[in-house]
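Structure file coords.txt with compact mmCIF, C-alpha atoms:
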# COMPACT_ATOMS: atom_id res chain seq x y z
CA MET A 69 96.56 20.75 82.16
CA SER A 70 97.96 24.15 83.14
CA ALA A 71 101.45 25.22 84.16
CA PRO A 72 101.97 27.62 87.08
CA LEU A 73 101.74 31.29 86.19
CA ASP A 74 105.09 33.08 86.07
CA ASP A 75 106.58 34.83 89.09
CA ALA A 76 105.57 38.29 87.87
CA ALA A 77 101.91 37.23 87.71
CA LEU A 78 102.01 35.55 91.15
CA ASP A 79 103.57 38.74 92.53
CA GLN A 80 100.90 40.93 90.93
CA LEU A 81 98.06 38.74 92.24
CA PHE A 82 99.32 37.81 95.70
CA ARG A 83 102.90 38.43 96.76
CA THR A 84 103.64 42.09 96.10
CA ALA A 85 99.99 43.16 95.76
CA ARG A 86 98.89 45.29 98.68
CA THR A 87 95.84 46.96 100.18
CA TYR A 88 96.09 50.65 99.25
CA ASN A 89 94.97 53.61 101.33
CA GLY A 90 95.36 56.10 98.47
CA TYR A 91 95.58 56.22 94.69
CA THR A 92 97.21 58.17 91.90
CA ASP A 93 95.19 60.56 89.73
CA GLN A 94 94.96 57.99 86.93
CA PRO A 95 91.24 57.39 86.32
CA VAL A 96 89.42 54.06 86.16
CA SER A 97 87.18 53.72 83.09
CA THR A 98 83.70 52.25 82.83
CA GLU A 99 85.23 49.65 80.52
CA GLN A 100 87.54 48.57 83.33
CA LEU A 101 84.56 48.13 85.71
CA HIS A 102 82.91 45.92 83.09
CA ALA A 103 86.16 43.98 82.63
CA ILE A 104 86.38 43.32 86.39
CA TRP A 105 82.80 42.01 86.41
CA ASP A 106 83.41 39.85 83.35
CA LEU A 107 86.25 38.10 85.22
CA MET A 108 84.78 37.98 88.73
CA LYS A 109 81.47 36.55 87.58
CA MET A 110 83.29 33.46 86.29
CA GLY A 111 84.48 32.44 89.77
CA PRO A 112 82.51 29.59 91.36
CA THR A 113 79.63 30.13 93.78
CA SER A 114 77.42 27.47 95.35
CA ALA A 115 74.74 26.45 92.81
CA ASN A 116 75.99 29.40 90.71
CA MET A 117 73.95 31.65 93.01
CA LEU A 118 75.98 34.81 92.25
CA PRO A 119 74.48 36.70 95.22
CA SER A 120 76.72 39.80 94.93
CA ARG A 121 75.10 43.06 93.98
CA MET A 122 77.77 45.64 93.17
CA VAL A 123 77.41 49.41 93.43
CA TRP A 124 80.33 51.26 91.81
CA CYS A 125 80.46 54.82 93.19
CA VAL A 126 82.19 57.04 90.63
CA SER A 127 80.44 60.39 91.22
CA ASP A 128 81.35 62.72 94.07
CA GLU A 129 77.74 62.52 95.21
CA ALA A 130 77.78 58.72 95.52
CA LYS A 131 81.17 58.73 97.26
CA GLN A 132 79.90 61.33 99.75
CA LYS A 133 76.84 59.21 100.43
CA LEU A 134 79.07 56.20 101.14
CA ALA A 135 81.64 58.15 103.13
CA ALA A 136 78.90 59.44 105.43
CA CYS A 137 78.34 55.81 106.57
CA CYS A 138 81.99 55.18 107.47
CA MET A 139 84.51 55.83 110.21
CA GLU A 140 86.44 59.03 109.52
CA ALA A 141 89.67 57.34 108.42
CA ASN A 142 87.75 55.25 105.89
CA ALA A 143 85.57 58.17 104.77
CA LYS A 144 88.66 60.09 103.62
CA LYS A 145 89.89 57.13 101.57
CA ILE A 146 86.48 56.69 99.93
CA LEU A 147 86.20 60.36 98.94
CA ALA A 148 89.72 60.43 97.46
CA ALA A 149 89.60 57.15 95.50
CA PRO A 150 88.77 57.09 91.77
CA VAL A 151 86.05 54.51 92.50
CA SER A 152 84.54 53.23 95.74
CA VAL A 153 82.57 50.00 95.62
CA VAL A 154 79.82 48.45 97.75
CA ILE A 155 79.80 44.65 97.59
CA GLY A 156 76.19 43.88 98.48
CA MET A 157 74.37 40.56 98.74
CA ASP A 158 70.86 39.54 97.75
CA LEU A 159 69.29 37.49 100.56
CA GLU A 160 66.59 36.36 98.12
CA PHE A 161 69.16 35.07 95.60
CA HIS A 162 67.31 31.76 95.43
CA GLU A 163 64.51 33.30 93.38
CA LEU A 164 66.95 33.50 90.45
CA LEU A 165 68.25 29.93 90.68
CA PRO A 166 65.84 28.57 88.04
CA GLU A 167 67.69 30.89 85.63
CA LEU A 168 71.23 30.67 87.06
CA PHE A 169 71.29 26.92 87.84
CA PRO A 170 68.77 25.56 85.38
CA HIS A 171 69.57 21.85 85.44
CA THR A 172 67.98 21.13 88.83
CA ASP A 173 65.47 22.68 91.25
CA ALA A 174 68.00 24.44 93.51
CA ARG A 175 65.46 27.12 94.44
CA SER A 176 63.62 24.60 96.61
CA TRP A 177 66.74 24.07 98.77
CA PHE A 178 66.41 27.65 100.03
CA THR A 179 62.65 28.23 100.08
CA GLY A 180 60.66 28.93 103.25
CA ASP A 181 60.85 31.04 106.37
CA ASP A 182 62.73 28.28 108.18
CA LYS A 183 65.54 28.67 105.63
CA ALA A 184 66.07 32.41 106.23
CA GLU A 185 69.24 31.85 108.30
CA PHE A 186 70.56 29.31 105.77
CA ARG A 187 69.97 31.86 103.01
CA ARG A 188 71.73 34.57 105.02
CA ILE A 189 74.80 32.39 105.67
CA SER A 190 74.86 31.22 102.04
CA ALA A 191 74.60 34.80 100.74
CA LEU A 192 77.37 35.96 103.09
CA ARG A 193 79.70 33.07 102.23
CA ASN A 194 79.18 33.33 98.48
CA SER A 195 79.17 37.12 98.16
CA SER A 196 82.42 37.08 100.16
CA LEU A 197 83.86 34.61 97.63
CA GLN A 198 82.77 37.06 94.93
CA GLY A 199 84.32 39.92 96.89
CA ALA A 200 87.64 38.06 96.82
CA TYR A 201 87.20 37.44 93.08
CA PHE A 202 86.65 41.20 92.72
CA ILE A 203 89.93 41.94 94.53
CA LEU A 204 91.91 39.44 92.46
CA ALA A 205 90.22 40.34 89.16
CA ALA A 206 91.12 43.99 89.76
CA ARG A 207 94.72 43.02 90.47
CA ALA A 208 94.83 40.76 87.41
CA LEU A 209 93.77 43.79 85.34
CA GLY A 210 96.52 46.00 86.79
CA LEU A 211 94.33 47.82 89.33
CA ASP A 212 94.52 47.99 93.12
CA THR A 213 91.92 47.77 95.89
CA GLY A 214 91.41 48.83 99.49
CA PRO A 215 88.78 46.52 101.06
CA MET A 216 87.20 47.70 104.33
CA SER A 217 84.59 46.57 106.80
CA GLY A 218 84.68 49.57 109.18
CA PHE A 219 81.31 51.09 108.33
CA ASP A 220 77.67 51.21 109.42
CA ASN A 221 76.01 48.43 107.41
CA ALA A 222 72.48 49.61 108.18
CA ALA A 223 73.31 53.13 106.99
CA VAL A 224 74.84 51.83 103.75
CA ASP A 225 71.79 49.63 103.18
CA LYS A 226 69.54 52.65 103.65
CA ALA A 227 71.66 54.86 101.39
CA PHE A 228 72.09 52.39 98.51
CA PHE A 229 69.53 49.59 98.81
CA ALA A 230 66.44 51.34 100.23
CA ASP A 231 64.41 50.20 97.23
CA GLN A 232 65.67 46.60 97.52
CA PRO A 233 65.05 45.47 101.13
CA ASN A 234 66.40 42.00 100.30
CA VAL A 235 69.86 43.42 99.45
CA LYS A 236 72.33 44.10 102.29
CA SER A 237 75.90 45.40 102.30
CA ASN A 238 78.67 42.85 102.89
CA PHE A 239 81.85 44.92 102.63
CA ILE A 240 83.18 47.93 100.72
CA SER A 241 86.38 48.74 98.85
CA THR A 242 88.22 51.51 97.10
CA LEU A 243 89.59 50.91 93.59
CA GLY A 244 92.21 52.65 91.47
CA HIS A 245 95.90 52.72 90.65
CA GLY A 246 97.54 52.43 94.05
CA ASP A 247 99.90 55.09 95.35
CA PRO A 248 102.80 53.18 96.95
CA SER A 249 103.37 56.00 99.46
CA THR A 250 100.02 55.16 101.13
CA ILE A 251 100.58 51.54 102.12
CA PHE A 252 101.41 50.34 105.61
CA GLY A 253 104.14 47.86 106.51
CA ARG A 254 103.10 44.31 105.70
CA SER A 255 101.44 42.51 108.63
CA PRO A 256 102.79 39.03 109.52
CA ARG A 257 101.84 36.00 107.41
CA PRO A 258 102.59 32.80 109.35
CA GLY A 259 104.07 29.74 107.66
CA PHE A 260 102.18 26.59 106.69
CA ASP A 261 102.50 24.75 109.99
CA ARG A 262 100.68 27.43 111.96
CA PHE A 263 97.19 27.21 110.42
CA ASN A 264 97.34 24.06 108.29
CA THR A 265 97.17 20.34 109.03
CA ILE A 266 97.88 17.48 106.62
CA ARG A 267 95.89 14.37 107.49
CA MET B 319 101.84 50.39 88.24
CA SER B 320 100.91 47.00 86.80
CA ALA B 321 99.74 46.01 83.33
CA PRO B 322 96.89 43.53 82.89
CA LEU B 323 97.94 39.88 82.91
CA ASP B 324 97.92 38.24 79.49
CA ASP B 325 94.89 36.40 78.12
CA ALA B 326 96.30 32.97 78.91
CA ALA B 327 96.63 33.91 82.59
CA LEU B 328 93.13 35.43 82.76
CA ASP B 329 91.77 32.26 81.16
CA GLN B 330 93.60 30.03 83.64
CA LEU B 331 92.40 32.05 86.63
CA PHE B 332 88.83 32.89 85.60
CA ARG B 333 87.58 32.38 82.07
CA THR B 334 88.33 28.77 81.16
CA ALA B 335 88.93 27.58 84.74
CA ARG B 336 86.15 25.29 85.93
CA THR B 337 84.91 23.45 88.99
CA TYR B 338 85.97 19.81 88.54
CA ASN B 339 84.07 16.72 89.65
CA GLY B 340 86.99 14.37 88.98
CA TYR B 341 90.75 14.41 88.54
CA THR B 342 93.53 12.64 86.68
CA ASP B 343 95.89 10.25 88.49
CA GLN B 344 98.59 12.92 88.67
CA PRO B 345 99.41 13.41 92.35
CA VAL B 346 99.56 16.68 94.30
CA SER B 347 102.72 17.06 96.35
CA THR B 348 103.14 18.39 99.88
CA GLU B 349 105.26 21.15 98.33
CA GLN B 350 102.27 22.20 96.24
CA LEU B 351 100.06 22.44 99.35
CA HIS B 352 102.69 24.68 100.94
CA ALA B 353 102.90 26.76 97.75
CA ILE B 354 99.10 27.27 97.78
CA TRP B 355 99.24 28.46 101.40
CA ASP B 356 102.17 30.75 100.70
CA LEU B 357 100.08 32.53 98.05
CA MET B 358 96.65 32.45 99.71
CA LYS B 359 97.95 33.80 103.01
CA MET B 360 99.00 37.01 101.23
CA GLY B 361 95.41 37.93 100.29
CA PRO B 362 93.84 40.63 102.47
CA THR B 363 91.61 39.90 105.45
CA SER B 364 90.09 42.39 107.86
CA ALA B 365 92.73 43.42 110.42
CA ASN B 366 94.87 40.62 108.93
CA MET B 367 92.77 38.20 111.02
CA LEU B 368 93.54 35.15 108.82
CA PRO B 369 90.73 33.08 110.41
CA SER B 370 91.02 30.08 108.03
CA ARG B 371 92.17 26.80 109.48
CA MET B 372 92.91 24.37 106.66
CA VAL B 373 92.84 20.57 106.87
CA TRP B 374 94.35 18.89 103.80
CA CYS B 375 93.09 15.30 103.60
CA VAL B 376 95.63 13.25 101.64
CA SER B 377 95.27 9.81 103.29
CA ASP B 378 92.47 7.40 102.45
CA GLU B 379 91.53 7.41 106.12
CA ALA B 380 91.08 11.19 106.26
CA LYS B 381 89.13 11.25 102.98
CA GLN B 382 86.83 8.51 104.28
CA LYS B 383 86.24 10.49 107.45
CA LEU B 384 85.31 13.55 105.40
CA ALA B 385 83.24 11.61 102.86
CA ALA B 386 81.15 10.14 105.69
CA CYS B 387 79.91 13.69 106.45
CA CYS B 388 78.77 14.42 102.88
CA MET B 389 75.92 13.75 100.49
CA GLU B 390 76.62 10.64 98.41
CA ALA B 391 77.46 12.50 95.19
CA ASN B 392 80.01 14.64 97.04
CA ALA B 393 81.37 11.66 99.04
CA LYS B 394 82.41 9.92 95.82
CA LYS B 395 84.28 13.00 94.59
CA ILE B 396 86.09 13.38 97.91
CA LEU B 397 87.24 9.76 97.99
CA ALA B 398 88.51 9.87 94.39
CA ALA B 399 90.34 13.23 94.52
CA PRO B 400 94.12 13.41 95.15
CA VAL B 401 93.44 15.86 98.00
CA SER B 402 90.26 16.94 99.75
CA VAL B 403 90.36 20.09 101.84
CA VAL B 404 88.35 21.46 104.76
CA ILE B 405 88.34 25.25 104.92
CA GLY B 406 87.65 25.84 108.61
CA MET B 407 87.38 29.08 110.56
CA ASP B 408 88.53 30.00 114.05
CA LEU B 409 85.74 31.87 115.87
CA GLU B 410 88.31 33.00 118.45
CA PHE B 411 90.60 34.50 115.80
CA HIS B 412 90.76 37.74 117.77
CA GLU B 413 93.02 36.17 120.38
CA LEU B 414 95.83 36.19 117.78
CA LEU B 415 95.38 39.79 116.65
CA PRO B 416 98.10 41.17 118.93
CA GLU B 417 100.48 39.00 116.87
CA LEU B 418 98.83 39.30 113.42
CA PHE B 419 97.91 43.01 113.56
CA PRO B 420 100.47 44.37 115.99
CA HIS B 421 100.22 48.10 115.33
CA THR B 422 96.91 48.62 117.14
CA ASP B 423 94.69 46.89 119.72
CA ALA B 424 92.37 45.15 117.26
CA ARG B 425 91.69 42.33 119.73
CA SER B 426 89.54 44.68 121.81
CA TRP B 427 87.18 45.24 118.84
CA PHE B 428 86.07 41.62 119.09
CA THR B 429 86.26 40.90 122.81
CA GLY B 430 83.25 39.99 124.96
CA ASP B 431 80.19 37.75 124.87
CA ASP B 432 78.17 40.52 123.20
CA LYS B 433 80.57 40.34 120.24
CA ALA B 434 80.08 36.60 119.59
CA GLU B 435 77.81 37.18 116.57
CA PHE B 436 80.16 39.89 115.22
CA ARG B 437 83.04 37.43 115.55
CA ARG B 438 81.04 34.70 113.80
CA ILE B 439 80.13 36.98 110.87
CA SER B 440 83.70 38.30 110.64
CA ALA B 441 85.14 34.77 110.68
CA LEU B 442 82.68 33.61 108.01
CA ARG B 443 83.30 36.63 105.75
CA ASN B 444 87.08 36.50 106.04
CA SER B 445 87.53 32.72 105.89
CA SER B 446 85.35 32.81 102.76
CA LEU B 447 87.69 35.42 101.28
CA GLN B 448 90.55 33.06 102.10
CA GLY B 449 88.60 30.17 100.56
CA ALA B 450 88.41 32.16 97.33
CA TYR B 451 92.14 32.93 97.58
CA PHE B 452 92.69 29.15 97.96
CA ILE B 453 90.71 28.47 94.75
CA LEU B 454 92.57 31.13 92.76
CA ALA B 455 95.99 30.29 94.22
CA ALA B 456 95.48 26.65 93.21
CA ARG B 457 94.51 27.73 89.69
CA ALA B 458 97.48 30.11 89.51
CA LEU B 459 99.72 27.14 90.31
CA GLY B 460 98.19 24.97 87.58
CA LEU B 461 95.87 22.97 89.82
CA ASP B 462 92.07 22.65 89.84
CA THR B 463 89.47 22.66 92.60
CA GLY B 464 85.94 21.45 93.28
CA PRO B 465 84.44 23.57 96.08
CA MET B 466 81.30 22.21 97.80
CA SER B 467 78.95 23.13 100.59
CA GLY B 468 76.71 20.04 100.51
CA PHE B 469 77.79 18.43 103.78
CA ASP B 470 76.92 18.13 107.46
CA ASN B 471 78.91 20.94 109.12
CA ALA B 472 78.41 19.59 112.64
CA ALA B 473 79.67 16.14 111.59
CA VAL B 474 82.77 17.64 109.93
CA ASP B 475 83.44 19.74 113.03
CA LYS B 476 83.22 16.61 115.19
CA ALA B 477 85.44 14.58 112.84
CA PHE B 478 88.18 17.18 112.36
CA PHE B 479 87.92 19.88 115.03
CA ALA B 480 86.76 17.96 118.12
CA ASP B 481 89.83 19.13 120.03
CA GLN B 482 89.33 22.78 118.92
CA PRO B 483 85.73 23.72 119.80
CA ASN B 484 86.34 27.27 118.55
CA VAL B 485 87.03 26.02 114.99
CA LYS B 486 84.08 25.34 112.67
CA SER B 487 83.91 24.18 109.06
CA ASN B 488 83.07 26.78 106.43
CA PHE B 489 83.22 24.85 103.16
CA ILE B 490 85.15 21.97 101.59
CA SER B 491 86.86 21.38 98.26
CA THR B 492 88.60 18.75 96.22
CA LEU B 493 92.01 19.53 94.68
CA GLY B 494 94.04 17.98 91.87
CA HIS B 495 94.65 18.07 88.14
CA GLY B 496 91.14 18.31 86.71
CA ASP B 497 89.80 15.67 84.32
CA PRO B 498 87.96 17.61 81.59
CA SER B 499 85.52 14.73 81.07
CA THR B 500 84.03 15.36 84.53
CA ILE B 501 82.88 18.97 84.17
CA PHE B 502 79.29 20.04 83.58
CA GLY B 503 78.13 22.60 81.03
CA ARG B 504 78.87 26.14 82.16
CA SER B 505 75.99 27.76 84.06
CA PRO B 506 74.90 31.25 82.91
CA ARG B 507 76.93 34.33 83.85
CA PRO B 508 74.83 37.48 83.35
CA GLY B 509 76.30 40.65 81.90
CA PHE B 510 77.27 43.76 83.85
CA ASP B 511 73.89 45.47 83.80
CA ARG B 512 72.13 42.66 85.64
CA PHE B 513 73.87 42.80 89.02
CA ASN B 514 75.88 46.05 88.87
CA THR B 515 75.00 49.72 89.25
CA ILE B 516 77.24 52.70 88.51
CA ARG B 517 76.40 55.71 90.69
Starting from the coordinates I provided, produce the structure as structure tokens.
Amino acid sequence: MSAPLDDAALDQLFRTARTYNGYTDQPVSTEQLHAIWDLMKMGPTSANMLPSRMVWCVSDEAKQKLAACCMEANAKKILAAPVSVVIGMDLEFHELLPELFPHTDARSWFTGDDKAEFRRISALRNSSLQGAYFILAARALGLDTGPMSGFDNAAVDKAFFADQPNVKSNFISTLGHGDPSTIFGRSPRPGFDRFNTIR
Amino acid sequence: MSAPLDDAALDQLFRTARTYNGYTDQPVSTEQLHAIWDLMKMGPTSANMLPSRMVWCVSDEAKQKLAACCMEANAKKILAAPVSVVIGMDLEFHELLPELFPHTDARSWFTGDDKAEFRRISALRNSSLQGAYFILAARALGLDTGPMSGFDNAAVDKAFFADQPNVKSNFISTLGHGDPSTIFGRSPRPGFDRFNTIR
């Protein structure tokens, strides 16, 4: 049985954490990218499907390729960030379920042309869960993120997944040590009664 | 600038945290449900759309209603858990954007019949992000979850959202203090090189 984390940890994960539009010059190491993955991969996905396919853009060339697929305001953030990340999703994730979920035949739940939409929804739901684990794993490790969905998905797919037609972009994010001067005022967060019901 | 959380916190959030199939008798209070919401609502969503609509089933009647929509193995877990939760999503979330994202006209990005699929994908992506924030907020507060997608979405929508035709179920979860005797062996979590690329 666990106790609640302390206030400083809850602040770092949720309460004072923010979406950043810009970052300090402090670099992000390859070891930190591995550390994020080693946390985010532990979060639950349906039948352990782990559909996310992550592309970490650290070179100027890769960031330029990604920025070219984005609205201008987002392109600038991507070029300036220490790392920019594509959270992709494998629509044929079920082919790996014999390995990832070995105790039952979960692959058969998703097999067949008539299951293409079910696979697409499952990949979107579960790679989004993994995208949230990415955001919170980065925060847990003292880093900051700037998730975005204002981009041309087809262009990103062509730029980064041309050799894997079963992989599509879900959303993208910047990553680094956030510069507090680049955040906007906090948007409203309604209280419990607004969007919750106890039955 | 933040430091990484300590190992005990990373364990509680990601590394030793597990999906539970059963719970101890220790109850979950209404205050704890509010505390989960007060953390999870702080996580980022696109244009602060906050599309999740949460139904917290605490009464036997509500749990029976939910269990009736599920596969037998899941129905048993739902009935036995202290709380069972429906993570729903509002497909008409854009109507609230003038309130939730007041500094620009984000509502217009989603308006019109030709944007119905864009709204559906946006609601699914962002309510899934919020579903992951729910899982990690619960863990951060010392609670455990058992997320599931093995249920009849249309039946859940009829049982819980009949009066809100714009709200649909995304996924469901149990919530409580996990009983370690009910967890399965950990499924494989591949290393970085398998599903990640550095460019």
| message | Could you check the closest approach to chain B for each of A:Lys133, A:Cys125, A:Ile104, A:Ala141 and tell me which residue wins, using all atoms listed in the file? | response |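 Ranked by minimum distance to chain B, first place goes to A:Cys125.
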| query | Taking (84.6, 33.9, 109.8) in the file's coordinates, which residues come within 9 Å, counting all atoms listed in the file, written as a list in words? | reply |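 Checking each residue against the 9 Å limit leaves Pro369, Ser370, Gly406, Met407, Asp408, Leu409, Phe411, Arg437, Arg438, Ile439, Ser440, Ala441, Leu442, Arg443, Asn444, Ser445, Ser446 and Asn488 of chain B.
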| task | Point out the residue among A:Ala230, A:Leu134, A:Leu165, A:Met122 with the least atom-to-atom distance to chain B, counting only C-alpha atoms. | result | A:Met122
| request: Would you give me, as JSON, numbers by chain, the residues of chain B that come within 6 Å of chain A, using only C-alpha atoms? | output: {"B": [320, 321, 322, 323, 332, 357, 360, 371, 372, 373, 374, 375, 376, 380, 418, 443, 446, 447, 450, 458, 459, 460, 506, 513, 514, 515, 516, 517]}
| field | Interatomic distance, atom CA of B:Gln382 to atom CA of B:Phe469 (Å, one decimal) | value |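 Atom CA of B:Phe469 lies at a distance of 13.4 Å from atom CA of B:Gln382.
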| query | Hey, can you check how far atom CA of A:Trp177 sits from atom CA of B:Asp470? | reply | 14.6 Å
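Checking B:Ala398, B:Lys433, B:Ala386, B:Ser499 one by one against B:Asp343, counting only C-alpha atoms, you find the shortest gap at B:Ala398.
Here atom CA of A:Tyr88 and atom CA of B:Glu413 stand 25.8 Å from one another.
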| task | Would you please work out which residue, of A:Lys145, A:Arg175, A:His162, A:Lys226, is nearest to A:Ile240 when using only C-alpha atoms? | result |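 Of A:Lys145, A:Arg175, A:His162, A:Lys226, the one nearest A:Ile240, counting only C-alpha atoms, is A:Lys145.
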Please reconstruct the missing atoms of stretch 390-404 of chain B (target: N, CA and C atoms) and return them as a PDB file, in the coordinates of the input.
ATOM      1  N   GLU B 390      75.956  11.729  99.128  1.00  0.00           N
ATOM      2  CA  GLU B 390      76.620  10.640  98.410  1.00  0.00           C
ATOM      3  C   GLU B 390      77.393  11.128  97.177  1.00  0.00           C
ATOM      4  N   ALA B 391      76.781  12.035  96.410  1.00  0.00           N
ATOM      5  CA  ALA B 391      77.460  12.500  95.190  1.00  0.00           C
ATOM      6  C   ALA B 391      78.771  13.186  95.540  1.00  0.00           C
ATOM      7  N   ASN B 392      78.781  13.963  96.623  1.00  0.00           N
ATOM      8  CA  ASN B 392      80.010  14.640  97.040  1.00  0.00           C
ATOM      9  C   ASN B 392      81.003  13.653  97.666  1.00  0.00           C
ATOM     10  N   ALA B 393      80.498  12.653  98.405  1.00  0.00           N
ATOM     11  CA  ALA B 393      81.370  11.660  99.040  1.00  0.00           C
ATOM     12  C   ALA B 393      82.236  10.966  98.002  1.00  0.00           C
ATOM     13  N   LYS B 394      81.649  10.605  96.878  1.00  0.00           N
ATOM     14  CA  LYS B 394      82.410   9.920  95.820  1.00  0.00           C
ATOM     15  C   LYS B 394      83.535  10.801  95.282  1.00  0.00           C
ATOM     16  N   LYS B 395      83.242  12.086  95.100  1.00  0.00           N
ATOM     17  CA  LYS B 395      84.280  13.000  94.590  1.00  0.00           C
ATOM     18  C   LYS B 395      85.433  13.124  95.582  1.00  0.00           C
ATOM     19  N   ILE B 396      85.077  13.204  96.862  1.00  0.00           N
ATOM     20  CA  ILE B 396      86.090  13.380  97.910  1.00  0.00           C
ATOM     21  C   ILE B 396      87.021  12.185  97.989  1.00  0.00           C
ATOM     22  N   LEU B 397      86.435  10.978  97.896  1.00  0.00           N
ATOM     23  CA  LEU B 397      87.240   9.760  97.990  1.00  0.00           C
ATOM     24  C   LEU B 397      88.180   9.621  96.791  1.00  0.00           C
ATOM     25  N   ALA B 398      87.738  10.088  95.624  1.00  0.00           N
ATOM     26  CA  ALA B 398      88.510   9.870  94.390  1.00  0.00           C
ATOM     27  C   ALA B 398      89.550  10.962  94.137  1.00  0.00           C
ATOM     28  N   ALA B 399      89.435  12.097  94.809  1.00  0.00           N
ATOM     29  CA  ALA B 399      90.340  13.230  94.520  1.00  0.00           C
ATOM     30  C   ALA B 399      91.717  12.992  95.155  1.00  0.00           C
ATOM     31  N   PRO B 400      92.779  13.509  94.541  1.00  0.00           N
ATOM     32  CA  PRO B 400      94.120  13.410  95.150  1.00  0.00           C
ATOM     33  C   PRO B 400      94.166  14.027  96.548  1.00  0.00           C
ATOM     34  N   VAL B 401      93.492  15.182  96.700  1.00  0.00           N
ATOM     35  CA  VAL B 401      93.440  15.860  98.000  1.00  0.00           C
ATOM     36  C   VAL B 401      92.023  16.380  98.196  1.00  0.00           C
ATOM     37  N   SER B 402      91.521  16.290  99.414  1.00  0.00           N
ATOM     38  CA  SER B 402      90.260  16.940  99.750  1.00  0.00           C
ATOM     39  C   SER B 402      90.519  17.845 100.943  1.00  0.00           C
ATOM     40  N   VAL B 403      89.953  19.028 100.916  1.00  0.00           N
ATOM     41  CA  VAL B 403      90.360  20.090 101.840  1.00  0.00           C
ATOM     42  C   VAL B 403      89.160  20.579 102.637  1.00  0.00           C
ATOM     43  N   VAL B 404      89.351  20.785 103.933  1.00  0.00           N
ATOM     44  CA  VAL B 404      88.350  21.460 104.760  1.00  0.00           C
ATOM     45  C   VAL B 404      88.842  22.878 105.013  1.00  0.00           C
TER      46      VAL B 404
END
